[in-house]
file final-v2.tsv (TSV, C-alpha atoms and all ligand atoms)
chain	number	residue	atom	x	y	z
A	1	MET	CA	20.50	35.07	-7.28
A	2	THR	CA	20.00	38.11	-9.38
A	3	ASP	CA	16.26	38.31	-9.92
A	4	THR	CA	15.17	38.71	-6.30
A	5	PRO	CA	16.45	41.81	-4.54
A	6	SER	CA	17.73	41.17	-1.02
A	7	THR	CA	15.54	44.04	0.09
A	8	GLY	CA	12.43	41.98	-0.80
A	9	SER	CA	9.81	40.88	1.69
A	10	PRO	CA	10.83	38.72	4.64
A	11	ILE	CA	9.01	35.83	2.97
A	12	LEU	CA	11.21	36.12	-0.12
A	13	GLN	CA	14.36	36.32	1.97
A	14	ARG	CA	13.41	33.28	4.01
A	15	LEU	CA	12.48	31.40	0.84
A	16	GLN	CA	15.93	32.05	-0.61
A	17	ASN	CA	17.53	30.97	2.61
A	18	ILE	CA	15.56	27.71	2.72
A	19	ARG	CA	16.38	26.97	-0.92
A	20	ALA	CA	20.06	27.44	-0.18
A	21	ARG	CA	19.84	25.12	2.83
A	22	ILE	CA	17.98	22.49	0.78
A	23	ALA	CA	20.65	22.66	-1.91
A	24	ALA	CA	23.46	22.41	0.65
A	25	ALA	CA	21.83	19.40	2.33
A	26	ALA	CA	21.29	17.73	-1.05
A	27	ILE	CA	24.93	18.17	-1.94
A	28	ARG	CA	26.00	16.77	1.44
A	29	ALA	CA	23.81	13.76	0.71
A	30	ASP	CA	25.37	13.40	-2.74
A	31	ARG	CA	22.00	14.19	-4.33
A	32	HIS	CA	20.84	16.72	-6.88
A	33	PRO	CA	18.99	19.73	-5.37
A	34	ASP	CA	16.43	19.53	-8.19
A	35	ASP	CA	15.34	16.13	-6.91
A	36	ILE	CA	13.88	17.76	-3.82
A	37	THR	CA	10.56	19.59	-4.04
A	38	LEU	CA	9.89	22.36	-1.58
A	39	VAL	CA	6.27	22.31	-0.43
A	40	ALA	CA	5.60	25.72	1.13
A	41	VAL	CA	3.07	25.14	3.91
A	42	SER	CA	0.80	28.17	3.93
A	43	LYS	CA	-1.87	26.96	6.36
A	44	PHE	CA	-3.39	29.73	8.50
A	45	HIS	CA	-1.46	32.34	6.53
A	46	PRO	CA	-3.34	34.81	4.34
A	47	GLN	CA	-3.51	34.80	0.57
A	48	SER	CA	-1.09	37.75	0.56
A	49	SER	CA	1.64	35.49	1.98
A	50	VAL	CA	1.02	32.94	-0.74
A	51	LEU	CA	1.23	35.75	-3.29
A	52	ALA	CA	4.57	36.87	-1.90
A	53	ALA	CA	5.95	33.35	-2.26
A	54	LEU	CA	4.54	33.05	-5.80
A	55	GLY	CA	6.44	36.23	-6.56
A	56	GLY	CA	9.58	34.35	-5.52
A	57	HIS	CA	8.78	31.58	-8.03
A	58	GLN	CA	7.50	29.17	-5.41
A	59	THR	CA	4.89	26.99	-7.09
A	60	VAL	CA	4.09	24.11	-4.70
A	61	PHE	CA	2.01	24.83	-1.61
A	62	GLY	CA	0.68	22.71	1.23
A	63	GLU	CA	-2.55	23.21	3.15
A	64	ASN	CA	-4.03	21.16	5.97
A	65	ARG	CA	-7.70	21.91	5.48
A	66	VAL	CA	-9.69	21.52	2.30
A	67	GLN	CA	-12.03	24.36	3.19
A	68	GLU	CA	-9.18	26.80	3.75
A	69	ALA	CA	-7.58	25.74	0.48
A	70	GLU	CA	-10.88	26.33	-1.31
A	71	GLN	CA	-11.01	29.88	0.03
A	72	LYS	CA	-7.43	30.70	-0.82
A	73	PHE	CA	-6.36	28.92	-3.97
A	74	PRO	CA	-8.76	28.86	-6.94
A	75	ALA	CA	-8.40	32.59	-7.63
A	76	LEU	CA	-4.61	32.37	-7.47
A	77	ARG	CA	-4.53	29.35	-9.70
A	78	ASP	CA	-6.33	31.25	-12.45
A	79	ALA	CA	-3.41	33.68	-12.49
A	80	TRP	CA	-0.66	31.08	-11.82
A	81	PRO	CA	-1.57	27.93	-13.77
A	82	ASP	CA	1.74	26.31	-12.73
A	83	MET	CA	0.78	26.39	-9.10
A	84	ARG	CA	0.38	23.05	-7.28
A	85	LEU	CA	-1.56	22.29	-4.12
A	86	HIS	CA	-0.85	19.43	-1.71
A	87	ILE	CA	-3.31	18.49	1.00
A	88	ILE	CA	-1.17	17.52	3.99
A	89	GLY	CA	-3.69	17.46	6.85
A	90	GLY	CA	-5.83	14.62	8.15
A	91	LEU	CA	-8.81	14.16	5.85
A	92	GLN	CA	-12.38	13.22	6.72
A	93	THR	CA	-13.98	10.80	4.29
A	94	ASN	CA	-16.77	13.29	3.56
A	95	LYS	CA	-14.12	15.73	2.25
A	96	ALA	CA	-12.51	13.24	-0.12
A	97	LEU	CA	-14.33	14.46	-3.22
A	98	GLN	CA	-13.56	18.13	-2.53
A	99	ALA	CA	-9.94	17.25	-1.79
A	100	CYS	CA	-9.56	15.35	-5.07
A	101	ARG	CA	-11.18	18.20	-6.94
A	102	ILE	CA	-8.84	20.90	-5.65
A	103	ALA	CA	-5.57	19.11	-4.94
A	104	ASP	CA	-2.70	18.00	-7.13
A	105	ALA	CA	-1.59	15.67	-4.35
A	106	VAL	CA	-3.16	14.23	-1.20
A	107	GLU	CA	-0.43	13.17	1.20
A	108	THR	CA	-2.55	11.77	4.01
A	109	LEU	CA	-4.10	8.45	3.02
A	110	ASP	CA	-4.14	6.62	6.32
A	111	ARG	CA	-7.07	4.22	6.52
A	112	PRO	CA	-9.19	1.96	4.32
A	113	SER	CA	-12.36	4.07	4.69
A	114	LEU	CA	-10.46	7.07	3.30
A	115	SER	CA	-8.81	5.18	0.45
A	116	ASP	CA	-12.26	3.84	-0.51
A	117	ALA	CA	-13.70	7.37	-0.46
A	118	ILE	CA	-10.82	8.64	-2.60
A	119	ALA	CA	-11.29	5.80	-5.07
A	120	LYS	CA	-14.97	6.73	-5.38
A	121	ALA	CA	-14.06	10.38	-5.87
A	122	GLY	CA	-11.63	9.35	-8.59
A	123	ASP	CA	-14.37	7.41	-10.38
A	124	ARG	CA	-16.64	10.42	-10.24
A	125	LEU	CA	-14.05	12.95	-11.37
A	126	GLY	CA	-12.31	10.76	-13.92
A	127	ARG	CA	-8.97	11.74	-12.41
A	128	LEU	CA	-7.03	11.43	-9.21
A	129	PRO	CA	-4.39	13.58	-7.55
A	130	GLN	CA	-1.03	12.02	-6.73
A	131	LEU	CA	-1.44	10.01	-3.57
A	132	PHE	CA	0.78	9.33	-0.56
A	133	VAL	CA	0.20	6.99	2.36
A	134	GLN	CA	0.85	8.70	5.69
A	135	VAL	CA	2.55	6.41	8.19
A	136	ASN	CA	2.31	7.03	11.94
A	137	THR	CA	5.97	6.09	12.39
A	138	GLY	CA	5.88	6.82	16.13
A	139	ASP	CA	2.60	4.87	16.60
A	140	GLU	CA	1.27	7.89	18.50
A	141	PRO	CA	-2.38	7.39	19.51
A	142	GLN	CA	-3.50	10.97	18.76
A	143	LYS	CA	-1.77	11.25	15.41
A	144	SER	CA	-3.11	10.39	11.98
A	145	GLY	CA	-1.26	7.92	9.81
A	146	ILE	CA	-1.50	4.17	9.42
A	147	ALA	CA	0.14	2.22	12.26
A	148	ARG	CA	3.52	0.64	11.53
A	149	GLN	CA	2.15	-2.87	11.88
A	150	GLU	CA	-0.62	-2.26	9.35
A	151	ALA	CA	1.45	-0.25	6.90
A	152	ASP	CA	2.52	-3.06	4.54
A	153	THR	CA	-1.03	-4.34	4.08
A	154	PHE	CA	-2.48	-0.87	3.64
A	155	ILE	CA	0.16	0.20	1.13
A	156	ASP	CA	-0.46	-2.97	-0.90
A	157	SER	CA	-4.20	-2.32	-0.94
A	158	CYS	CA	-3.65	1.31	-2.02
A	159	LYS	CA	-1.37	0.08	-4.79
A	160	SER	CA	-4.06	-2.19	-6.14
A	161	LEU	CA	-6.71	0.55	-5.84
A	162	PHE	CA	-4.66	3.39	-7.31
A	163	GLY	CA	-1.83	1.86	-9.32
A	164	GLU	CA	0.66	4.50	-10.41
A	165	ARG	CA	-1.28	7.29	-8.71
A	166	LEU	CA	0.12	6.04	-5.41
A	167	VAL	CA	3.53	7.69	-5.56
A	168	GLY	CA	4.98	7.62	-2.08
A	169	LEU	CA	4.89	7.83	1.69
A	170	MET	CA	4.65	10.68	4.18
A	171	CYS	CA	5.35	10.95	7.91
A	172	ILE	CA	5.42	13.41	10.81
A	173	PRO	CA	7.81	12.09	13.47
A	174	PRO	CA	6.97	12.51	17.18
A	175	GLU	CA	7.97	15.92	18.49
A	176	ASP	CA	9.87	14.57	21.48
A	177	GLU	CA	12.12	12.15	19.61
A	178	PRO	CA	14.97	12.55	17.14
A	179	SER	CA	13.44	12.56	13.65
A	180	ARG	CA	16.16	10.82	11.76
A	181	PRO	CA	15.37	7.19	12.69
A	182	HIS	CA	11.76	7.84	11.63
A	183	PHE	CA	12.93	9.18	8.27
A	184	ALA	CA	15.21	6.18	7.80
A	185	TYR	CA	12.34	3.81	8.57
A	186	LEU	CA	10.00	5.55	6.11
A	187	ALA	CA	12.66	5.50	3.39
A	188	GLN	CA	13.19	1.76	3.89
A	189	LEU	CA	9.43	1.13	3.78
A	190	ALA	CA	9.08	3.12	0.54
A	191	ARG	CA	11.98	1.23	-1.02
A	192	SER	CA	10.50	-2.12	-0.08
A	193	HIS	CA	7.27	-1.15	-1.89
A	194	GLY	CA	8.99	0.40	-4.89
A	195	LEU	CA	7.50	3.84	-4.19
A	196	PRO	CA	9.62	6.71	-5.54
A	197	LYS	CA	8.49	9.67	-3.40
A	198	LEU	CA	9.12	10.49	0.24
A	199	SER	CA	7.44	13.49	1.89
A	200	MET	CA	9.32	14.08	5.14
A	201	GLY	CA	11.01	16.93	6.97
A	202	MET	CA	9.58	20.23	8.24
A	203	SER	CA	11.12	23.54	9.34
A	204	GLY	CA	13.04	21.96	12.20
A	205	ASP	CA	14.37	18.80	10.59
A	206	PHE	CA	14.30	19.01	6.79
A	207	GLU	CA	18.05	18.72	6.39
A	208	GLU	CA	18.09	15.37	8.17
A	209	ALA	CA	15.15	14.27	6.02
A	210	ILE	CA	17.12	15.11	2.88
A	211	LEU	CA	20.05	13.07	4.15
A	212	GLU	CA	17.64	10.13	4.50
A	213	GLY	CA	16.21	10.54	1.00
A	214	ALA	CA	13.28	12.99	1.23
A	215	THR	CA	12.02	14.01	-2.21
A	216	LEU	CA	9.54	16.52	-0.76
A	217	VAL	CA	10.05	18.69	2.32
A	218	ARG	CA	7.07	20.50	3.84
A	219	ILE	CA	8.17	23.81	5.28
A	220	GLY	CA	5.87	26.36	6.87
A	221	SER	CA	7.11	28.61	9.65
A	222	ALA	CA	10.68	28.88	8.33
A	223	ILE	CA	9.20	30.53	5.21
A	224	PHE	CA	6.01	32.27	6.32
A	225	GLY	CA	6.94	33.03	9.92
A	226	PRO	CA	5.04	31.89	13.00
A	227	ARG	CA	1.51	30.73	12.30
A	228	PRO	CA	-1.32	32.84	13.65
A	229	THR	CA	-2.89	30.43	16.13
A	230	SER	CA	-5.63	32.39	17.86
A	231	ALA	CA	-7.40	33.81	14.81
A	232	PRO	CA	-8.68	31.31	12.27
A	233	TYR	CA	-7.87	32.05	8.66
A	234	ARG	CA	-10.01	34.65	6.89
A	235	PRO	CA	-9.56	35.31	3.20
B	301	LIG	C1	2.12	22.55	9.55
B	301	LIG	C2	2.71	21.39	8.89
B	301	LIG	C3	4.00	21.44	8.32
B	301	LIG	C4	4.90	22.66	8.41
B	301	LIG	O1	5.42	22.76	9.70
B	301	LIG	P1	6.57	23.84	10.04
B	301	LIG	O2	7.17	23.30	11.28
B	301	LIG	O3	5.90	25.14	10.21
B	301	LIG	O4	7.53	23.82	8.92
B	301	LIG	C5	4.46	20.33	7.65
B	301	LIG	N1	3.71	19.21	7.54
B	301	LIG	C6	2.48	19.11	8.07
B	301	LIG	C7	1.70	17.86	7.90
B	301	LIG	C8	1.95	20.19	8.77
B	301	LIG	O5	0.73	20.07	9.31
call {"tool": "encode", "arguments": {"input": "final-v2.tsv", "output": "C-alpha cells"}}
result
Amino acid sequence: MTDTPSTGSPILQRLQNIRARIAAAAIRADRHPDDITLVAVSKFHPQSSVLAALGGHQTVFGENRVQEAEQKFPALRDAWPDMRLHIIGGLQTNKALQACRIADAVETLDRPSLSDAIAKAGDRLGRLPQLFVQVNTGDEPQKSGIARQEADTFIDSCKSLFGERLVGLMCIPPEDEPSRPHFAYLAQLARSHGLPKLSMGMSGDFEEAILEGATLVRIGSAIFGPRPTSAPYRP
C-alpha cells in the first residue's frame, strides 16, 4: 500500500489490517479477495469516523437504525456518490419506506409483515434496495431473523415478491456457540435457493465466515474501535 501513510488515523490502520486479513482468508479458501465486500459497521460512531474510513477508500457502510443513518449519511453521500449504505438492524414495518429510501441494501427481512411493507415501499418508490433474508440460525428467542423451520417458505415467498432484488441471506450466530456451523448452514440454505450473496461474519469470526463462503462481512469494532454504549449517537 502506497497511498495510505502508516502514520494515518487508527481507523485507517485498522482498515488496512482488516483488508489484509480478508485477503489472506480468501486466499486460504481458494477464493478471490475481490469477491468479498467489506461492510464497515459504523453504528453509534460519529460522522467523523465514517469520514476517516471514506478517506481510506471504504465505500460500503452498515447501520442498524434508519434514524441514525438518516442523520449521518445523506450529507456524506452528496460528496461521495459511490458510497453504499446497508441497513443491518432489525426493522419495524413502519420504517420500511424510510429504509428503502435511504438504503442500497436491507439485510434484515425476517417476517411476512416486513416483506409486505417493503413490497409496498417498493411500489411507492418505484425502486427497491437489494434485499437479504435474515435467518435466526440459532433459533434464539430474543433475536431477529426467520426461524430455521420457516426459512424455506419465507425465502420462497420473498423470491416471488421481489424476484432478482432478493440477493442473499444474512445471519448473526449465537454468541456462546462456535460460529462456523451456523455459517455452513446458511451457505447451504443459500445454495439450495440459488441465492448468490451471503452476509456473515463480524469482527470476531469473519475469517471463518469467508472460509464458508461469505460474500459480505460486517465489521464494526475491529475498524472503528469499541462502540460508545452509554451515549446515544449525536451528529
Ligand atoms: C454491530 C453489528 C455488526 C458489527 O459487529 P462487530 O462485532 O463490532 O464487528 C455486524 N452485524 C450486525 C448485524 C451488527 O448489529
call {"tool": "residues_around", "arguments": {"input": "final-v2.tsv", "residues": "Cys100 in chain A", "least_positions_apart": "6", "cutoff": "8 Å", "atoms": "only C-alpha atoms", "output": "compact mmCIF listing (two decimals) with C-alpha atoms, in the coordinates of the input"}}
result
# COMPACT_ATOMS: atom_id res chain seq x y z
CA VAL A 106 -3.16 14.23 -1.20
CA ILE A 118 -10.82 8.64 -2.60
CA ALA A 121 -14.06 10.38 -5.87
CA GLY A 122 -11.63 9.35 -8.59
CA LEU A 128 -7.03 11.43 -9.21
CA PRO A 129 -4.39 13.58 -7.55
call {"tool": "closest_residue", "arguments": {"input": "final-v2.tsv", "among": "A:Ala25, A:Ile88, A:Met170, A:Ile146", "to": "ligand LIG 301 (chain B)", "atoms": "all atoms listed in the file"}}
result
A:Ile88
call {"tool": "closest_residue", "arguments": {"input": "final-v2.tsv", "among": "A:Ile102, A:Ala24, A:Leu85, A:Ala53", "to": "Phe224 in chain A", "atoms": "only C-alpha atoms"}}
result
A:Ala53
call {"tool": "atom_distance", "arguments": {"input": "final-v2.tsv", "atom1": "atom C3 of ligand LIG 301 (chain B)", "atom2": "CA of Arg127 in chain A"}}
result
26.3 Å
call {"tool": "residues_near_ligand", "arguments": {"input": "final-v2.tsv", "ligand": "ligand LIG 301 (chain B)", "cutoff": "10 Å", "atoms": "all atoms listed in the file", "output": "PDB file with C-alpha atoms, in the coordinates of the input"}}
result
ATOM      1  CA  VAL A  39       6.270  22.310  -0.430  1.00  0.00           C
ATOM      2  CA  ALA A  40       5.600  25.720   1.130  1.00  0.00           C
ATOM      3  CA  VAL A  41       3.070  25.140   3.910  1.00  0.00           C
ATOM      4  CA  SER A  42       0.800  28.170   3.930  1.00  0.00           C
ATOM      5  CA  LYS A  43      -1.870  26.960   6.360  1.00  0.00           C
ATOM      6  CA  PHE A  44      -3.390  29.730   8.500  1.00  0.00           C
ATOM      7  CA  GLY A  62       0.680  22.710   1.230  1.00  0.00           C
ATOM      8  CA  GLU A  63      -2.550  23.210   3.150  1.00  0.00           C
ATOM      9  CA  ASN A  64      -4.030  21.160   5.970  1.00  0.00           C
ATOM     10  CA  ARG A  65      -7.700  21.910   5.480  1.00  0.00           C
ATOM     11  CA  ILE A  87      -3.310  18.490   1.000  1.00  0.00           C
ATOM     12  CA  ILE A  88      -1.170  17.520   3.990  1.00  0.00           C
ATOM     13  CA  GLY A  89      -3.690  17.460   6.850  1.00  0.00           C
ATOM     14  CA  GLY A  90      -5.830  14.620   8.150  1.00  0.00           C
ATOM     15  CA  GLU A 107      -0.430  13.170   1.200  1.00  0.00           C
ATOM     16  CA  THR A 108      -2.550  11.770   4.010  1.00  0.00           C
ATOM     17  CA  GLN A 134       0.850   8.700   5.690  1.00  0.00           C
ATOM     18  CA  SER A 144      -3.110  10.390  11.980  1.00  0.00           C
ATOM     19  CA  MET A 170       4.650  10.680   4.180  1.00  0.00           C
ATOM     20  CA  CYS A 171       5.350  10.950   7.910  1.00  0.00           C
ATOM     21  CA  ILE A 172       5.420  13.410  10.810  1.00  0.00           C
ATOM     22  CA  SER A 199       7.440  13.490   1.890  1.00  0.00           C
ATOM     23  CA  MET A 200       9.320  14.080   5.140  1.00  0.00           C
ATOM     24  CA  GLY A 201      11.010  16.930   6.970  1.00  0.00           C
ATOM     25  CA  MET A 202       9.580  20.230   8.240  1.00  0.00           C
ATOM     26  CA  SER A 203      11.120  23.540   9.340  1.00  0.00           C
ATOM     27  CA  GLY A 204      13.040  21.960  12.200  1.00  0.00           C
ATOM     28  CA  ASP A 205      14.370  18.800  10.590  1.00  0.00           C
ATOM     29  CA  PHE A 206      14.300  19.010   6.790  1.00  0.00           C
ATOM     30  CA  VAL A 217      10.050  18.690   2.320  1.00  0.00           C
ATOM     31  CA  ARG A 218       7.070  20.500   3.840  1.00  0.00           C
ATOM     32  CA  ILE A 219       8.170  23.810   5.280  1.00  0.00           C
ATOM     33  CA  GLY A 220       5.870  26.360   6.870  1.00  0.00           C
ATOM     34  CA  SER A 221       7.110  28.610   9.650  1.00  0.00           C
ATOM     35  CA  ALA A 222      10.680  28.880   8.330  1.00  0.00           C
ATOM     36  CA  ILE A 223       9.200  30.530   5.210  1.00  0.00           C
ATOM     37  CA  PHE A 224       6.010  32.270   6.320  1.00  0.00           C
ATOM     38  CA  GLY A 225       6.940  33.030   9.920  1.00  0.00           C
ATOM     39  CA  PRO A 226       5.040  31.890  13.000  1.00  0.00           C
ATOM     40  CA  ARG A 227       1.510  30.730  12.300  1.00  0.00           C
TER      41      ARG A 227
END
call {"tool": "residues_near_point", "arguments": {"input": "final-v2.tsv", "point": "(3.1, 3.4, -2.5)", "cutoff": "8 Å", "atoms": "all atoms listed in the file", "output": "number ranges by chain"}}
result
A: 132-133, 155-156, 158-159, 166-169, 190, 193-196
call {"tool": "atom_distance", "arguments": {"input": "final-v2.tsv", "atom1": "CA of Gly138 in chain A", "atom2": "CA of His182 in chain A"}}
result
7.5 Å
call {"tool": "closest_residue", "arguments": {"input": "final-v2.tsv", "among": "A:Leu125, A:Thr215, A:Ser113, A:Pro174", "to": "Glu140 in chain A", "atoms": "only C-alpha atoms"}}
result
A:Pro174
call {"tool": "atom_distance", "arguments": {"input": "final-v2.tsv", "atom1": "CA of Met83 in chain A", "atom2": "CA of Val60 in chain A"}}
result
6.0 Å
call {"tool": "residues_around", "arguments": {"input": "final-v2.tsv", "residues": "Arg180 in chain A", "least_positions_apart": "2", "cutoff": "8 Å", "atoms": "all atoms listed in the file", "output": "PyMOL selection string"}}
result
chain A and resi 178+182-184+208-209+212
call {"tool": "axis_aligned_box", "arguments": {"input": "final-v2.tsv", "around": "range 165-183 of chain A", "padding_each_side": "4 Å", "output": "lines of an AutoDock Vina configuration file"}}
result
center_x = 7.4
center_y = 11.0
center_z = 6.4
size_x = 25.4
size_y = 17.9
size_z = 38.2
